[in-house]
Amino acid sequence: MSTIKARALVLEEPGTQPVLAEVDVLDPGPGEVRIKIAASGVCGTDGHAIEGTHPLARWPIVLGHEGAGVVESVGEGVTGIGVGDHVVCALAVPCGTCRQCRRGLAEHCNSAARRQAMSGVMADGDSRLRYGGERAYPFFGVGTLAEYSTVRREQVIPIDPALPLDEFCLAGCGVITGYGAVMNVARVRPGDSVVVLGAGGVGANVIQAARAAGASTIVAVDAIPEKLELARTFGATHVVEASADVAKEIAAIEPDGADAVFEVVGKPELLTLCLSLTRVGGACVMVGIPPVGSKITFDAFTLTANRRLLGCRGGAVVPARDIERLVSLYRGGTLNLAGLIGRRIGLDDVFGALDALGKSTFARSVVVF
Ligand SMILES: [Zn+2]
Ligand SMILES: [Zn+2]
């Protein structure tokens, strides 16, 4: 083993433009693996890091957090995985030892160890990335917009090599977040009615997970007509343009409101609308990530009618459990990954994909290495 030089998308500090540059990807230490990235999605959260609205503990960072690849080398003491294995990168992995983890609530793990892993710091306190000779950090501990990445063993989930890596990279963030919002957070049941505000890379997955959960009415709301067409292919039974009187249009479909309403845009003011669209006893879920410090106002009385206003950290998933479930849905034909990919691009074209975030007519751009 020796240090590998890799091309990577580096963000020197929040609020600046990222650059394509060479980084040193150091050897995996104990309990770590180095992977050759095969594909990485370009997600809205990468855009938030660039804008400076996503809090970063340390920088510079290598962007990208929705990746899949092949294990290139393994560090000391790594078990259950070997060179050549295909893996999906997992963002947030429970520590396994804190109070929440011990109580079987690993999806709520918030230990210092988990936060350290997500900031790209290894157990020994160092990172495995160097940029211009200085320490750099992989975004969410994975930094997948790079040719190689050294990550903790727990942050890679092995998958069958027959599964397409350019599709399964999306399982790491957009797909699992949408799936988890439906299955783990709102707990949509057969026959439920569902409203989804925002039909992009995560929203399309909320829609297809709601279909998989047996929802009978699925209303998609988006500002971009092509995304509404896409929403239909993922299972939306009704579509509403965001420029319309959304409350009125949805009242015409579900007069008493919906059993589950998902905000997948990240605009705090939309959450107030979402709550007003939620049926008595229903769930209103904030899936989109609002800017840190933003405030919302709503009639607090609304909550007296058993409505549940729910937060959703990445779909409240446990990657080792939920990625396996996604594989089962994919094999059963109820999880469409190919349809999420609007463009397959090279790393040199990543800037165009970043510019298109929030404006594109498709769900995802995927960088294929
Ligand atoms: Zn993401
Ligand atoms: Zn824990």
# chains A, B, ... in the order shown; residues from 1 in each chain; ligands from 1
>>> residues_around(residues="Ile81 in chain A", least_positions_apart="4", cutoff="12 Å", atoms="only C-alpha atoms", output="number ranges by chain")
A: 31-35, 70-77, 85-87, 152-159
>>> residues_around(residues="His65 in chain A", least_positions_apart="5", cutoff="9 Å", atoms="only C-alpha atoms", output="PyMOL selection string")
chain A and resi 40-43+45-46+89-91+138-145+172-173
>>> select_by_dssp(residues="range 127-273 of chain A", states="helix (DSSP H, G or I)", output="PyMOL selection string")
chain A and resi 139-141+153-155+165-172+174-186+203-212+225-234+246-253+268-273
>>> write_last_selection(atoms="C-alpha atoms", output="PDB file, in the first residue's frame")
ATOM      1  CA  PHE A 139     -17.570  15.399   3.299  1.00  0.00           C
ATOM      2  CA  PHE A 140     -19.709  13.294   5.693  1.00  0.00           C
ATOM      3  CA  GLY A 141     -16.657  11.066   6.154  1.00  0.00           C
ATOM      4  CA  ARG A 153     -15.083   0.263   7.516  1.00  0.00           C
ATOM      5  CA  GLU A 154     -18.519   1.043   8.992  1.00  0.00           C
ATOM      6  CA  GLN A 155     -19.135   3.660   6.300  1.00  0.00           C
ATOM      7  CA  LEU A 165     -22.752   0.898  -9.016  1.00  0.00           C
ATOM      8  CA  ASP A 166     -23.767   3.949 -11.078  1.00  0.00           C
ATOM      9  CA  GLU A 167     -27.344   3.413  -9.882  1.00  0.00           C
ATOM     10  CA  PHE A 168     -26.576   2.227  -6.357  1.00  0.00           C
ATOM     11  CA  CYS A 169     -24.428   5.248  -5.518  1.00  0.00           C
ATOM     12  CA  LEU A 170     -27.760   7.056  -5.128  1.00  0.00           C
ATOM     13  CA  ALA A 171     -28.766   4.634  -2.377  1.00  0.00           C
ATOM     14  CA  GLY A 172     -26.277   6.362  -0.062  1.00  0.00           C
ATOM     15  CA  GLY A 174     -31.142  10.638  -1.888  1.00  0.00           C
ATOM     16  CA  VAL A 175     -32.799   7.241  -2.103  1.00  0.00           C
ATOM     17  CA  ILE A 176     -32.305   6.138   1.492  1.00  0.00           C
ATOM     18  CA  THR A 177     -33.414   9.531   2.816  1.00  0.00           C
ATOM     19  CA  GLY A 178     -36.689   9.412   0.863  1.00  0.00           C
ATOM     20  CA  TYR A 179     -37.232   5.771   1.748  1.00  0.00           C
ATOM     21  CA  GLY A 180     -36.524   6.366   5.442  1.00  0.00           C
ATOM     22  CA  ALA A 181     -38.780   9.431   5.603  1.00  0.00           C
ATOM     23  CA  VAL A 182     -41.683   7.241   4.492  1.00  0.00           C
ATOM     24  CA  MET A 183     -40.884   3.932   6.209  1.00  0.00           C
ATOM     25  CA  ASN A 184     -39.070   4.979   9.394  1.00  0.00           C
ATOM     26  CA  VAL A 185     -40.357   8.484  10.159  1.00  0.00           C
ATOM     27  CA  ALA A 186     -43.938   8.926   8.867  1.00  0.00           C
ATOM     28  CA  GLY A 203     -38.757  13.799  -3.382  1.00  0.00           C
ATOM     29  CA  ALA A 204     -38.938  11.238  -6.199  1.00  0.00           C
ATOM     30  CA  ASN A 205     -37.811   8.660  -3.653  1.00  0.00           C
ATOM     31  CA  VAL A 206     -40.396   9.746  -1.090  1.00  0.00           C
ATOM     32  CA  ILE A 207     -42.939   9.176  -3.872  1.00  0.00           C
ATOM     33  CA  GLN A 208     -41.687   5.734  -4.828  1.00  0.00           C
ATOM     34  CA  ALA A 209     -41.332   4.643  -1.194  1.00  0.00           C
ATOM     35  CA  ALA A 210     -44.919   5.810  -0.531  1.00  0.00           C
ATOM     36  CA  ARG A 211     -46.033   3.690  -3.471  1.00  0.00           C
ATOM     37  CA  ALA A 212     -44.063   0.721  -2.089  1.00  0.00           C
ATOM     38  CA  PRO A 225     -43.354  20.697 -15.037  1.00  0.00           C
ATOM     39  CA  GLU A 226     -40.838  18.037 -16.164  1.00  0.00           C
ATOM     40  CA  LYS A 227     -40.309  17.010 -12.545  1.00  0.00           C
ATOM     41  CA  LEU A 228     -44.053  16.512 -12.165  1.00  0.00           C
ATOM     42  CA  GLU A 229     -44.018  14.242 -15.209  1.00  0.00           C
ATOM     43  CA  LEU A 230     -41.118  12.355 -13.627  1.00  0.00           C
ATOM     44  CA  ALA A 231     -43.102  12.148 -10.368  1.00  0.00           C
ATOM     45  CA  ARG A 232     -45.872  10.303 -12.223  1.00  0.00           C
ATOM     46  CA  THR A 233     -43.390   7.659 -13.369  1.00  0.00           C
ATOM     47  CA  PHE A 234     -42.394   7.115  -9.716  1.00  0.00           C
ATOM     48  CA  VAL A 246     -51.556  24.505  -3.725  1.00  0.00           C
ATOM     49  CA  ALA A 247     -53.824  24.418  -0.654  1.00  0.00           C
ATOM     50  CA  LYS A 248     -56.950  24.697  -2.823  1.00  0.00           C
ATOM     51  CA  GLU A 249     -55.770  22.094  -5.350  1.00  0.00           C
ATOM     52  CA  ILE A 250     -54.959  19.595  -2.605  1.00  0.00           C
ATOM     53  CA  ALA A 251     -58.257  20.274  -0.800  1.00  0.00           C
ATOM     54  CA  ALA A 252     -59.997  19.275  -4.026  1.00  0.00           C
ATOM     55  CA  ILE A 253     -58.180  15.916  -3.911  1.00  0.00           C
ATOM     56  CA  PRO A 268     -38.983  26.742   6.266  1.00  0.00           C
ATOM     57  CA  GLU A 269     -42.053  28.716   5.115  1.00  0.00           C
ATOM     58  CA  LEU A 270     -43.299  25.645   3.205  1.00  0.00           C
ATOM     59  CA  LEU A 271     -43.496  23.728   6.458  1.00  0.00           C
ATOM     60  CA  THR A 272     -46.344  25.991   7.591  1.00  0.00           C
ATOM     61  CA  LEU A 273     -48.230  25.115   4.394  1.00  0.00           C
TER      62      LEU A 273
END
>>> residues_near_ligand(ligand="ligand 2", cutoff="7 Å", atoms="only C-alpha atoms and all ligand atoms", output="list of chain:residue names")
A:Pro94, A:Cys95, A:Gly96, A:Thr97, A:Cys98, A:Arg99, A:Gln100, A:Cys101, A:Ala106, A:Cys109, A:Asn110, A:Ser111, A:Arg114
>>> write_last_selection(atoms="N, CA and C atoms", output="PDB file, in the first residue's frame")
ATOM      1  N   PRO A  94     -24.305   4.553  13.085  1.00  0.00           N
ATOM      2  CA  PRO A  94     -24.400   4.593  14.543  1.00  0.00           C
ATOM      3  C   PRO A  94     -23.121   4.071  15.194  1.00  0.00           C
ATOM      4  N   CYS A  95     -22.807   4.600  16.383  1.00  0.00           N
ATOM      5  CA  CYS A  95     -21.562   4.216  17.050  1.00  0.00           C
ATOM      6  C   CYS A  95     -21.632   2.811  17.620  1.00  0.00           C
ATOM      7  N   GLY A  96     -22.855   2.369  17.949  1.00  0.00           N
ATOM      8  CA  GLY A  96     -23.018   1.017  18.469  1.00  0.00           C
ATOM      9  C   GLY A  96     -22.849   0.887  19.971  1.00  0.00           C
ATOM     10  N   THR A  97     -22.397   1.938  20.638  1.00  0.00           N
ATOM     11  CA  THR A  97     -22.125   1.795  22.074  1.00  0.00           C
ATOM     12  C   THR A  97     -22.838   2.816  22.958  1.00  0.00           C
ATOM     13  N   CYS A  98     -23.397   3.885  22.380  1.00  0.00           N
ATOM     14  CA  CYS A  98     -24.029   4.922  23.218  1.00  0.00           C
ATOM     15  C   CYS A  98     -25.375   4.425  23.750  1.00  0.00           C
ATOM     16  N   ARG A  99     -26.002   5.235  24.577  1.00  0.00           N
ATOM     17  CA  ARG A  99     -27.268   4.836  25.189  1.00  0.00           C
ATOM     18  C   ARG A  99     -28.332   4.515  24.138  1.00  0.00           C
ATOM     19  N   GLN A 100     -28.472   5.383  23.115  1.00  0.00           N
ATOM     20  CA  GLN A 100     -29.484   5.136  22.083  1.00  0.00           C
ATOM     21  C   GLN A 100     -29.195   3.834  21.345  1.00  0.00           C
ATOM     22  N   CYS A 101     -27.933   3.623  20.981  1.00  0.00           N
ATOM     23  CA  CYS A 101     -27.575   2.395  20.263  1.00  0.00           C
ATOM     24  C   CYS A 101     -27.864   1.162  21.117  1.00  0.00           C
ATOM     25  N   ALA A 106     -30.674   2.914  17.270  1.00  0.00           N
ATOM     26  CA  ALA A 106     -29.430   3.344  16.623  1.00  0.00           C
ATOM     27  C   ALA A 106     -29.645   4.493  15.649  1.00  0.00           C
ATOM     28  N   CYS A 109     -28.732   7.731  17.189  1.00  0.00           N
ATOM     29  CA  CYS A 109     -27.383   7.885  17.754  1.00  0.00           C
ATOM     30  C   CYS A 109     -26.882   9.304  17.481  1.00  0.00           C
ATOM     31  N   ASN A 110     -26.377   9.938  18.516  1.00  0.00           N
ATOM     32  CA  ASN A 110     -25.816  11.281  18.335  1.00  0.00           C
ATOM     33  C   ASN A 110     -24.522  11.405  19.146  1.00  0.00           C
ATOM     34  N   SER A 111     -23.786  10.304  19.186  1.00  0.00           N
ATOM     35  CA  SER A 111     -22.581  10.262  20.014  1.00  0.00           C
ATOM     36  C   SER A 111     -21.467  11.105  19.397  1.00  0.00           C
ATOM     37  N   ARG A 114     -19.936   9.323  16.461  1.00  0.00           N
ATOM     38  CA  ARG A 114     -20.666   9.442  15.195  1.00  0.00           C
ATOM     39  C   ARG A 114     -20.363  10.791  14.538  1.00  0.00           C
TER      40      ARG A 114
END
>>> residues_around(residues="Gly52 in chain A", least_positions_apart="3", cutoff="7 Å", atoms="only C-alpha atoms", output="PyMOL selection string")
chain A and resi 14-15+48-49
>>> residues_around(residues="Leu335 in chain A", least_positions_apart="2", cutoff="8 Å", atoms="only C-alpha atoms", output="list in words")
Gln208, Ala209, Leu326, Leu329, Tyr330, Arg331, Gly332, Gly333 and Leu337 of chain A
>>> residues_around(residues="range 353-356 of chain A", least_positions_apart="4", cutoff="10 Å", atoms="only C-alpha atoms", output="PyMOL selection string")
chain A and resi 41-44+46-47+50+343-345+347+349+360-362+364-367
>>> select_by_dssp(residues="range 273-365 of chain A", states="strand (DSSP E or B)", output="list in words")
Thr278, Arg279, Val280, Gly281, Gly282, Ala283, Cys284, Val285, Met286, Arg308, Leu309, Leu310, Gly311, Ile341, Gly342, Arg343, Arg344, Ile345, Arg364 and Ser365 of chain A
>>> write_last_selection(atoms="N, CA and C atoms", output="PDB file, in the first residue's frame")
ATOM      1  N   THR A 278     -52.070  18.743   6.524  1.00  0.00           N
ATOM      2  CA  THR A 278     -52.016  17.461   7.241  1.00  0.00           C
ATOM      3  C   THR A 278     -53.337  17.167   7.938  1.00  0.00           C
ATOM      4  N   ARG A 279     -53.844  15.977   7.746  1.00  0.00           N
ATOM      5  CA  ARG A 279     -55.101  15.519   8.346  1.00  0.00           C
ATOM      6  C   ARG A 279     -54.969  15.425   9.881  1.00  0.00           C
ATOM      7  N   VAL A 280     -56.056  15.470  10.571  1.00  0.00           N
ATOM      8  CA  VAL A 280     -56.048  15.230  12.024  1.00  0.00           C
ATOM      9  C   VAL A 280     -55.393  13.867  12.277  1.00  0.00           C
ATOM     10  N   GLY A 281     -54.392  13.862  13.140  1.00  0.00           N
ATOM     11  CA  GLY A 281     -53.687  12.607  13.428  1.00  0.00           C
ATOM     12  C   GLY A 281     -52.595  12.282  12.429  1.00  0.00           C
ATOM     13  N   GLY A 282     -52.471  13.115  11.397  1.00  0.00           N
ATOM     14  CA  GLY A 282     -51.485  12.831  10.354  1.00  0.00           C
ATOM     15  C   GLY A 282     -50.080  13.296  10.715  1.00  0.00           C
ATOM     16  N   ALA A 283     -49.142  12.962   9.841  1.00  0.00           N
ATOM     17  CA  ALA A 283     -47.730  13.293  10.066  1.00  0.00           C
ATOM     18  C   ALA A 283     -47.257  14.322   9.055  1.00  0.00           C
ATOM     19  N   CYS A 284     -46.598  15.363   9.558  1.00  0.00           N
ATOM     20  CA  CYS A 284     -46.000  16.378   8.699  1.00  0.00           C
ATOM     21  C   CYS A 284     -44.496  16.275   8.903  1.00  0.00           C
ATOM     22  N   VAL A 285     -43.772  15.921   7.852  1.00  0.00           N
ATOM     23  CA  VAL A 285     -42.354  15.588   8.006  1.00  0.00           C
ATOM     24  C   VAL A 285     -41.464  16.589   7.271  1.00  0.00           C
ATOM     25  N   MET A 286     -40.506  17.149   7.975  1.00  0.00           N
ATOM     26  CA  MET A 286     -39.537  18.035   7.337  1.00  0.00           C
ATOM     27  C   MET A 286     -38.330  17.208   6.892  1.00  0.00           C
ATOM     28  N   ARG A 308     -48.732  15.393  13.979  1.00  0.00           N
ATOM     29  CA  ARG A 308     -47.343  15.180  14.395  1.00  0.00           C
ATOM     30  C   ARG A 308     -46.408  15.921  13.453  1.00  0.00           C
ATOM     31  N   LEU A 309     -45.657  16.847  14.019  1.00  0.00           N
ATOM     32  CA  LEU A 309     -44.661  17.581  13.230  1.00  0.00           C
ATOM     33  C   LEU A 309     -43.324  16.902  13.494  1.00  0.00           C
ATOM     34  N   LEU A 310     -42.741  16.298  12.453  1.00  0.00           N
ATOM     35  CA  LEU A 310     -41.604  15.401  12.660  1.00  0.00           C
ATOM     36  C   LEU A 310     -40.346  15.859  11.944  1.00  0.00           C
ATOM     37  N   GLY A 311     -39.231  15.787  12.630  1.00  0.00           N
ATOM     38  CA  GLY A 311     -37.938  15.992  12.013  1.00  0.00           C
ATOM     39  C   GLY A 311     -37.477  14.697  11.368  1.00  0.00           C
ATOM     40  N   ILE A 341     -31.617   9.012 -12.711  1.00  0.00           N
ATOM     41  CA  ILE A 341     -30.402   9.583 -13.314  1.00  0.00           C
ATOM     42  C   ILE A 341     -30.758  10.355 -14.575  1.00  0.00           C
ATOM     43  N   GLY A 342     -30.608  11.676 -14.494  1.00  0.00           N
ATOM     44  CA  GLY A 342     -30.887  12.511 -15.665  1.00  0.00           C
ATOM     45  C   GLY A 342     -29.684  12.580 -16.575  1.00  0.00           C
ATOM     46  N   ARG A 343     -28.500  12.654 -15.974  1.00  0.00           N
ATOM     47  CA  ARG A 343     -27.267  12.764 -16.745  1.00  0.00           C
ATOM     48  C   ARG A 343     -26.154  11.974 -16.090  1.00  0.00           C
ATOM     49  N   ARG A 344     -25.409  11.252 -16.912  1.00  0.00           N
ATOM     50  CA  ARG A 344     -24.154  10.642 -16.470  1.00  0.00           C
ATOM     51  C   ARG A 344     -23.041  11.519 -17.034  1.00  0.00           C
ATOM     52  N   ILE A 345     -22.181  12.005 -16.148  1.00  0.00           N
ATOM     53  CA  ILE A 345     -21.160  12.956 -16.579  1.00  0.00           C
ATOM     54  C   ILE A 345     -19.792  12.535 -16.055  1.00  0.00           C
ATOM     55  N   ARG A 364     -31.311  13.592 -10.723  1.00  0.00           N
ATOM     56  CA  ARG A 364     -29.903  13.556 -10.333  1.00  0.00           C
ATOM     57  C   ARG A 364     -28.945  13.579 -11.518  1.00  0.00           C
ATOM     58  N   SER A 365     -27.803  14.262 -11.295  1.00  0.00           N
ATOM     59  CA  SER A 365     -26.636  14.079 -12.151  1.00  0.00           C
ATOM     60  C   SER A 365     -25.716  13.105 -11.424  1.00  0.00           C
TER      61      SER A 365
END
>>> closest_residue(among="A:Ala92, A:Val292, A:Ala236, A:Ile323", to="ligand 1", atoms="only C-alpha atoms and all ligand atoms")
A:Ala92
>>> closest_residue(among="A:Val327, A:Val93, A:Val202, A:Val221", to="Ile289 in chain A", atoms="only C-alpha atoms")
A:Val202
>>> atom_distance(atom1="CA of Thr237 in chain A", atom2="CA of Thr217 in chain A")
5.9 Å
>>> atom_distance(atom1="CA of Lys359 in chain A", atom2="CA of Gly198 in chain A")
11.6 Å
>>> decode(residues="range 223-304 of chain A", atoms="C-alpha atoms", output="compact mmCIF listing (two decimals), in the first residue's frame")
# COMPACT_ATOMS: atom_id res chain seq x y z
CA ALA A 223 -42.36 24.23 -9.70
CA ILE A 224 -40.82 22.41 -12.69
CA PRO A 225 -43.35 20.70 -15.04
CA GLU A 226 -40.84 18.04 -16.16
CA LYS A 227 -40.31 17.01 -12.54
CA LEU A 228 -44.05 16.51 -12.16
CA GLU A 229 -44.02 14.24 -15.21
CA LEU A 230 -41.12 12.35 -13.63
CA ALA A 231 -43.10 12.15 -10.37
CA ARG A 232 -45.87 10.30 -12.22
CA THR A 233 -43.39 7.66 -13.37
CA PHE A 234 -42.39 7.11 -9.72
CA GLY A 235 -45.98 6.65 -8.56
CA ALA A 236 -47.61 10.08 -8.10
CA THR A 237 -51.35 9.74 -8.71
CA HIS A 238 -51.87 13.53 -8.85
CA VAL A 239 -49.56 16.45 -9.63
CA VAL A 240 -49.88 20.13 -8.72
CA GLU A 241 -47.76 22.98 -10.04
CA ALA A 242 -46.19 25.00 -7.25
CA SER A 243 -47.37 28.23 -8.93
CA ALA A 244 -51.00 27.15 -8.42
CA ASP A 245 -53.04 27.66 -5.23
CA VAL A 246 -51.56 24.51 -3.72
CA ALA A 247 -53.82 24.42 -0.65
CA LYS A 248 -56.95 24.70 -2.82
CA GLU A 249 -55.77 22.09 -5.35
CA ILE A 250 -54.96 19.60 -2.60
CA ALA A 251 -58.26 20.27 -0.80
CA ALA A 252 -60.00 19.27 -4.03
CA ILE A 253 -58.18 15.92 -3.91
CA GLU A 254 -58.15 15.30 -0.13
CA PRO A 255 -60.70 17.61 1.57
CA ASP A 256 -59.63 16.56 5.10
CA GLY A 257 -55.92 16.76 4.39
CA ALA A 258 -53.39 14.00 3.83
CA ASP A 259 -52.21 11.29 6.23
CA ALA A 260 -48.59 12.20 5.56
CA VAL A 261 -47.17 15.43 4.13
CA PHE A 262 -43.48 15.74 3.27
CA GLU A 263 -41.55 18.99 2.84
CA VAL A 264 -38.59 18.05 0.64
CA VAL A 265 -37.44 21.48 -0.48
CA GLY A 266 -35.76 22.87 2.63
CA LYS A 267 -37.77 26.12 2.71
CA PRO A 268 -38.98 26.74 6.27
CA GLU A 269 -42.05 28.72 5.11
CA LEU A 270 -43.30 25.65 3.21
CA LEU A 271 -43.50 23.73 6.46
CA THR A 272 -46.34 25.99 7.59
CA LEU A 273 -48.23 25.11 4.39
CA CYS A 274 -47.44 21.41 4.89
CA LEU A 275 -48.86 21.45 8.40
CA SER A 276 -52.07 23.01 7.09
CA LEU A 277 -52.34 20.16 4.56
CA THR A 278 -52.02 17.46 7.24
CA ARG A 279 -55.10 15.52 8.35
CA VAL A 280 -56.05 15.23 12.02
CA GLY A 281 -53.69 12.61 13.43
CA GLY A 282 -51.48 12.83 10.35
CA ALA A 283 -47.73 13.29 10.07
CA CYS A 284 -46.00 16.38 8.70
CA VAL A 285 -42.35 15.59 8.01
CA MET A 286 -39.54 18.04 7.34
CA VAL A 287 -37.21 16.11 5.03
CA GLY A 288 -35.60 19.12 3.31
CA ILE A 289 -32.74 20.77 5.16
CA PRO A 290 -33.49 24.39 6.02
CA PRO A 291 -30.72 26.96 6.54
CA VAL A 292 -29.28 26.82 10.06
CA GLY A 293 -31.00 29.40 12.29
CA SER A 294 -34.11 29.79 10.11
CA LYS A 295 -37.44 30.17 11.90
CA ILE A 296 -41.00 29.09 11.12
CA THR A 297 -44.35 30.31 12.40
CA PHE A 298 -47.57 28.32 12.51
CA ASP A 299 -50.79 28.25 14.49
CA ALA A 300 -49.78 26.15 17.51
CA PHE A 301 -53.42 25.14 17.95
CA THR A 302 -53.05 22.95 14.83
CA LEU A 303 -51.02 20.50 16.90
CA THR A 304 -53.83 19.95 19.39
